[in-house]
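Written below as C-alpha cells is the structure these notes are about.
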Amino acid sequence: MCARDDKLRKAIETAVAAHSGRAPLACEEIGSDAQAARKRIALWEQADSVHCSIVGTCASVADLRRTAKKTGIDVSPDTPDYDVHGHFVRLSTTDCAFSRAFQKLLDGRFEGALRRVGRARTAAELEALWRDMCDRGQVGPAYWAFMTHQHVPGALRARIFGEVHMWSHLAGASFRQKNEEAATLRDQLQEAEDRARRVESGLREALAQRDRELIELRAALAKLKAGRAADEARQPETAETAPDAASLRRRLDKAGRALQSARVRARQAEARLREIDDETRRPAPQLMPRQARPMAGLAASPAPFAVVGSAVGTLPGQGEATARPKAILYVGGMHGHRDRLRGIAEAFNTTFVHHDGGVEDAPQRLDHLLPSVDCVFCPVNCVSHDACLRAKKICQKLNKPFVPLRSTGQTAFRKALQDLVGERSAAQFALQGPVSEEGETA
C-alpha cells in the first residue's frame, strides 16, 4: 500500500478512537421506549458484522471513492478495491463525516425501498415484501431498507443477513465455475485454431500440387498443339479436301427435309387434281324457285358483299383479287390436322394462320391475329365457346367473313374454302350455312 493508504489508515484509526466511547447498538429489536420511538437505525449503530455486507451489497467501490473524496479523504487510484472496501467498512462503524455522507447517499438512492418497507407493519407483510423485491432483482435497496428500519423483527433481519451472506458465497462459487468454464473454452478454442492451421496448411499444399499439375498439363497440351500444327503443315491439301462430318450431316438433314416437303406437296397436288376432276364431272346444282328470286334480287343489287355462313363474304363477280383471300385464320380443330389444312390452304395460294381455340393459345390472342387475315374458319365441334364467340364478334366488327364448319375434317375445310374463293356460288353457300365432312348443309 502506498503512502496515501497509510494516511487513510491513520485517519480511520483516529476517527475510531475519537468515537470509541460510544458502543454500537446490536441488530436485535430495541426494548426501551426511547429507542423504540426511533424509526431508523443509523449505519454506525449497526452491529459490527453487518457493515461489511451493507457496504459491499448496497454500494460499489466507485461510490466509496466518490464519498471519500467529498468528505476530504484522499484515496490513491492505485489502491486495490479490497483495501478500499476494508478501510471504509471500519470507518462506517463510527459516527463520522464519511459514515453520515455514505448513509445520506444510500437514503437518497433507495428512497422508494425505504418508503415501501416503512409502510409494511406485520412480519408477514415484511417477509412477502422481501421476497418480492429479491425476485425483482432489488437486493441492494431491500437490504438497506430492512437493515435500517427499527420495526423489522430481529429474526427476519438475521435471516436476511444470512441470505445475503450466503449469496456472496454463491456468487464466488459461480465466479469460480465461470472461470473454469472459460479456461475450458480457451483450451477448446486453442485446439480448434491448431486444427484450422493444420487444415489450412494441407489445403495450401494441395493447391500448390494442383498448380504444378496444371503447369505440366499446359506444357503437354502446347506440345500436342505444336505436333498437330506440324502435321497439318506437312499435309495441307489433304486437310483442305477432307469433308467435314458436321457439314455432311447438315446437308443430309436439309436434303431429307426438302424431300419430305416435296412428297407433301405432291400428295396435295394429287388430291387437288382429283377434286378438280370430281368438280368437272359433277352437274351444276339447280336453284329452287324460292331461291331463284332472292338470288336474282341479290344479283341486281349494287351491294358488293354477300353473306357467307354468318359473316360477310365477297361476290364472285368482283374479280380474283377481291374474291381470293390472302390469309385465313383457322380457330380450333385438332393439332394433328393442322399441317394438312395448311397444305390445302397453300394449294389455294392462301396463307394459313392457326389458333388452337383456347387449349394453349389465349382467346385474347385473336385480337392481334384477326386484323391481319381476310377470313376466319371455325369448326364448331372442336373449339371453346369463348374463342368462337370472340372471333365472331371481331369479324362482325371488322366486316370480315366468319365461316363456321360443322366438323374438323379436311373435306369440310376444302369445300368451304372453294365456296369462299368463288368456285361455287356465293349465294348458295350463304344459304347452306356450316359445311360438314359429307358436304351436307346446315
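Order determines the names: the first chain of the C-alpha cells is A, the second B, and so forth; residues in each chain are numbered 1 upward, and ligands are numbered 1 upward as they are shown.
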Hey, what does DSSP flag as helix (DSSP H, G or I) within segment 66-309 of chain A? Can you give it to me as a PyMOL selection string?
chain A and resi 66-70+81-91+97-109+111-119+123-135+139-148+154-234+236-241+245-281+289-300
Contacts of segment 259-267 of chain A within 9 Å, only C-alpha atoms, excl. fewer than 6 positions in-chain, as a list in words:
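In the requested format, the answer is Arg340, Gly343 and Ala347 of chain A.
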Quick one: distance from atom CA of Val359 of chain A to atom CA of Phe377 of chain A in Å, one decimal?
16.9 Å
Using only C-alpha atoms: which of A:Ser49, A:Asn179, A:Thr184, A:Ser76 has the shortest distance to His165 of chain A:
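Counting only C-alpha atoms, the residue closest to His165 of chain A is A:Ser49.
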Using atom CA of Glu125 of chain A and atom CA of Arg109 of chain A as the two end points, give the distance in Å to one decimal.
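Computing it gives 23.0 Å between the two atoms.
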Might you pull out every residue within 10 Å of Asn349 of chain A, with only C-alpha atoms counted and same-chain residues fewer than 2 positions away left off, and present them as a PyMOL selection string?
chain A and resi 324-327+343-347+351-352
Could you write out the selected residues, including all heavy atoms, as an mmCIF file, in the first residue's frame?
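Below is the file part.cif, written as the result:
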data_model
loop_
_atom_site.group_PDB
_atom_site.id
_atom_site.type_symbol
_atom_site.label_atom_id
_atom_site.label_comp_id
_atom_site.auth_asym_id
_atom_site.auth_seq_id
_atom_site.Cartn_x
_atom_site.Cartn_y
_atom_site.Cartn_z
ATOM 1 N N ARG A 324 -60.379 -13.944 -103.724
ATOM 2 C CA ARG A 324 -59.458 -14.893 -103.110
ATOM 3 C C ARG A 324 -58.780 -14.242 -101.903
ATOM 4 O O ARG A 324 -58.082 -13.241 -102.059
ATOM 5 C CB ARG A 324 -58.407 -15.326 -104.136
ATOM 6 C CG ARG A 324 -57.469 -16.428 -103.626
ATOM 7 C CD ARG A 324 -56.473 -16.817 -104.688
ATOM 8 N NE ARG A 324 -57.142 -17.277 -105.893
ATOM 9 C CZ ARG A 324 -57.611 -18.522 -106.081
ATOM 10 N NH1 ARG A 324 -57.492 -19.399 -105.112
ATOM 11 N NH2 ARG A 324 -58.202 -18.872 -107.206
ATOM 12 N N PRO A 325 -58.949 -14.811 -100.703
ATOM 13 C CA PRO A 325 -58.308 -14.216 -99.530
ATOM 14 C C PRO A 325 -56.806 -14.477 -99.533
ATOM 15 O O PRO A 325 -56.357 -15.551 -99.927
ATOM 16 C CB PRO A 325 -58.994 -14.928 -98.359
ATOM 17 C CG PRO A 325 -59.429 -16.232 -98.920
ATOM 18 C CD PRO A 325 -59.787 -15.983 -100.366
ATOM 19 N N LYS A 326 -56.043 -13.506 -99.057
ATOM 20 C CA LYS A 326 -54.597 -13.668 -98.980
ATOM 21 C C LYS A 326 -54.175 -14.437 -97.729
ATOM 22 O O LYS A 326 -53.158 -15.116 -97.740
ATOM 23 C CB LYS A 326 -53.926 -12.297 -98.985
ATOM 24 C CG LYS A 326 -54.150 -11.518 -100.260
ATOM 25 C CD LYS A 326 -53.459 -10.167 -100.179
ATOM 26 C CE LYS A 326 -53.683 -9.373 -101.454
ATOM 27 N NZ LYS A 326 -53.035 -8.031 -101.391
ATOM 28 N N ALA A 327 -54.930 -14.322 -96.653
ATOM 29 C CA ALA A 327 -54.609 -15.012 -95.401
ATOM 30 C C ALA A 327 -55.906 -15.372 -94.700
ATOM 31 O O ALA A 327 -56.846 -14.582 -94.674
ATOM 32 C CB ALA A 327 -53.748 -14.132 -94.495
ATOM 33 N N GLY A 343 -51.588 -27.293 -95.899
ATOM 34 C CA GLY A 343 -51.327 -27.675 -97.280
ATOM 35 C C GLY A 343 -52.501 -27.362 -98.195
ATOM 36 O O GLY A 343 -52.311 -26.932 -99.346
ATOM 37 N N ILE A 344 -53.717 -27.577 -97.697
ATOM 38 C CA ILE A 344 -54.900 -27.268 -98.512
ATOM 39 C C ILE A 344 -54.965 -25.765 -98.779
ATOM 40 O O ILE A 344 -55.251 -25.326 -99.900
ATOM 41 C CB ILE A 344 -56.171 -27.764 -97.802
ATOM 42 C CG1 ILE A 344 -56.166 -29.302 -97.717
ATOM 43 C CG2 ILE A 344 -57.419 -27.277 -98.523
ATOM 44 C CD1 ILE A 344 -57.293 -29.878 -96.905
ATOM 45 N N ALA A 345 -54.683 -24.950 -97.720
ATOM 46 C CA ALA A 345 -54.733 -23.504 -97.915
ATOM 47 C C ALA A 345 -53.652 -23.037 -98.885
ATOM 48 O O ALA A 345 -53.876 -22.153 -99.720
ATOM 49 C CB ALA A 345 -54.579 -22.800 -96.569
ATOM 50 N N GLU A 346 -52.459 -23.643 -98.811
ATOM 51 C CA GLU A 346 -51.399 -23.250 -99.729
ATOM 52 C C GLU A 346 -51.738 -23.636 -101.165
ATOM 53 O O GLU A 346 -51.285 -22.984 -102.111
ATOM 54 C CB GLU A 346 -50.087 -23.903 -99.293
ATOM 55 C CG GLU A 346 -49.528 -23.328 -98.001
ATOM 56 C CD GLU A 346 -48.282 -24.058 -97.546
ATOM 57 O OE1 GLU A 346 -47.936 -25.068 -98.194
ATOM 58 O OE2 GLU A 346 -47.667 -23.626 -96.535
ATOM 59 N N ALA A 347 -52.513 -24.700 -101.348
ATOM 60 C CA ALA A 347 -52.946 -25.052 -102.703
ATOM 61 C C ALA A 347 -53.822 -23.970 -103.306
ATOM 62 O O ALA A 347 -53.888 -23.829 -104.530
ATOM 63 C CB ALA A 347 -53.693 -26.394 -102.673
ATOM 64 N N THR A 351 -52.360 -17.887 -97.254
ATOM 65 C CA THR A 351 -51.574 -18.096 -96.024
ATOM 66 C C THR A 351 -52.483 -18.633 -94.918
ATOM 67 O O THR A 351 -53.571 -18.121 -94.687
ATOM 68 C CB THR A 351 -50.935 -16.773 -95.563
ATOM 69 O OG1 THR A 351 -50.131 -16.259 -96.630
ATOM 70 C CG2 THR A 351 -50.073 -16.982 -94.328
ATOM 71 N N PHE A 352 -51.994 -19.669 -94.243
ATOM 72 C CA PHE A 352 -52.787 -20.355 -93.211
ATOM 73 C C PHE A 352 -52.255 -19.945 -91.839
ATOM 74 O O PHE A 352 -51.076 -20.141 -91.526
ATOM 75 C CB PHE A 352 -52.669 -21.875 -93.395
ATOM 76 C CG PHE A 352 -53.483 -22.669 -92.400
ATOM 77 C CD1 PHE A 352 -54.834 -22.922 -92.601
ATOM 78 C CD2 PHE A 352 -52.889 -23.157 -91.239
ATOM 79 C CE1 PHE A 352 -55.569 -23.652 -91.688
ATOM 80 C CE2 PHE A 352 -53.614 -23.891 -90.329
ATOM 81 C CZ PHE A 352 -54.954 -24.139 -90.555
#
Between A:Arg228, A:Arg65, A:Arg390, A:His149, which residue has the minimum interatomic distance to Asp367 of chain A, considering only C-alpha atoms?
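Of the candidates, the smallest distance to Asp367 of chain A is held by A:Arg390.
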Can you tell me how far atom CA of Lys397 of chain A sits from atom CA of Asp361 of chain A, in Å to one decimal?
21.7 Å
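Considering only C-alpha atoms, the residue among A:Phe98, A:Phe348, A:Trp144, A:Phe413 positioned nearest to Leu114 of chain A is A:Trp144.
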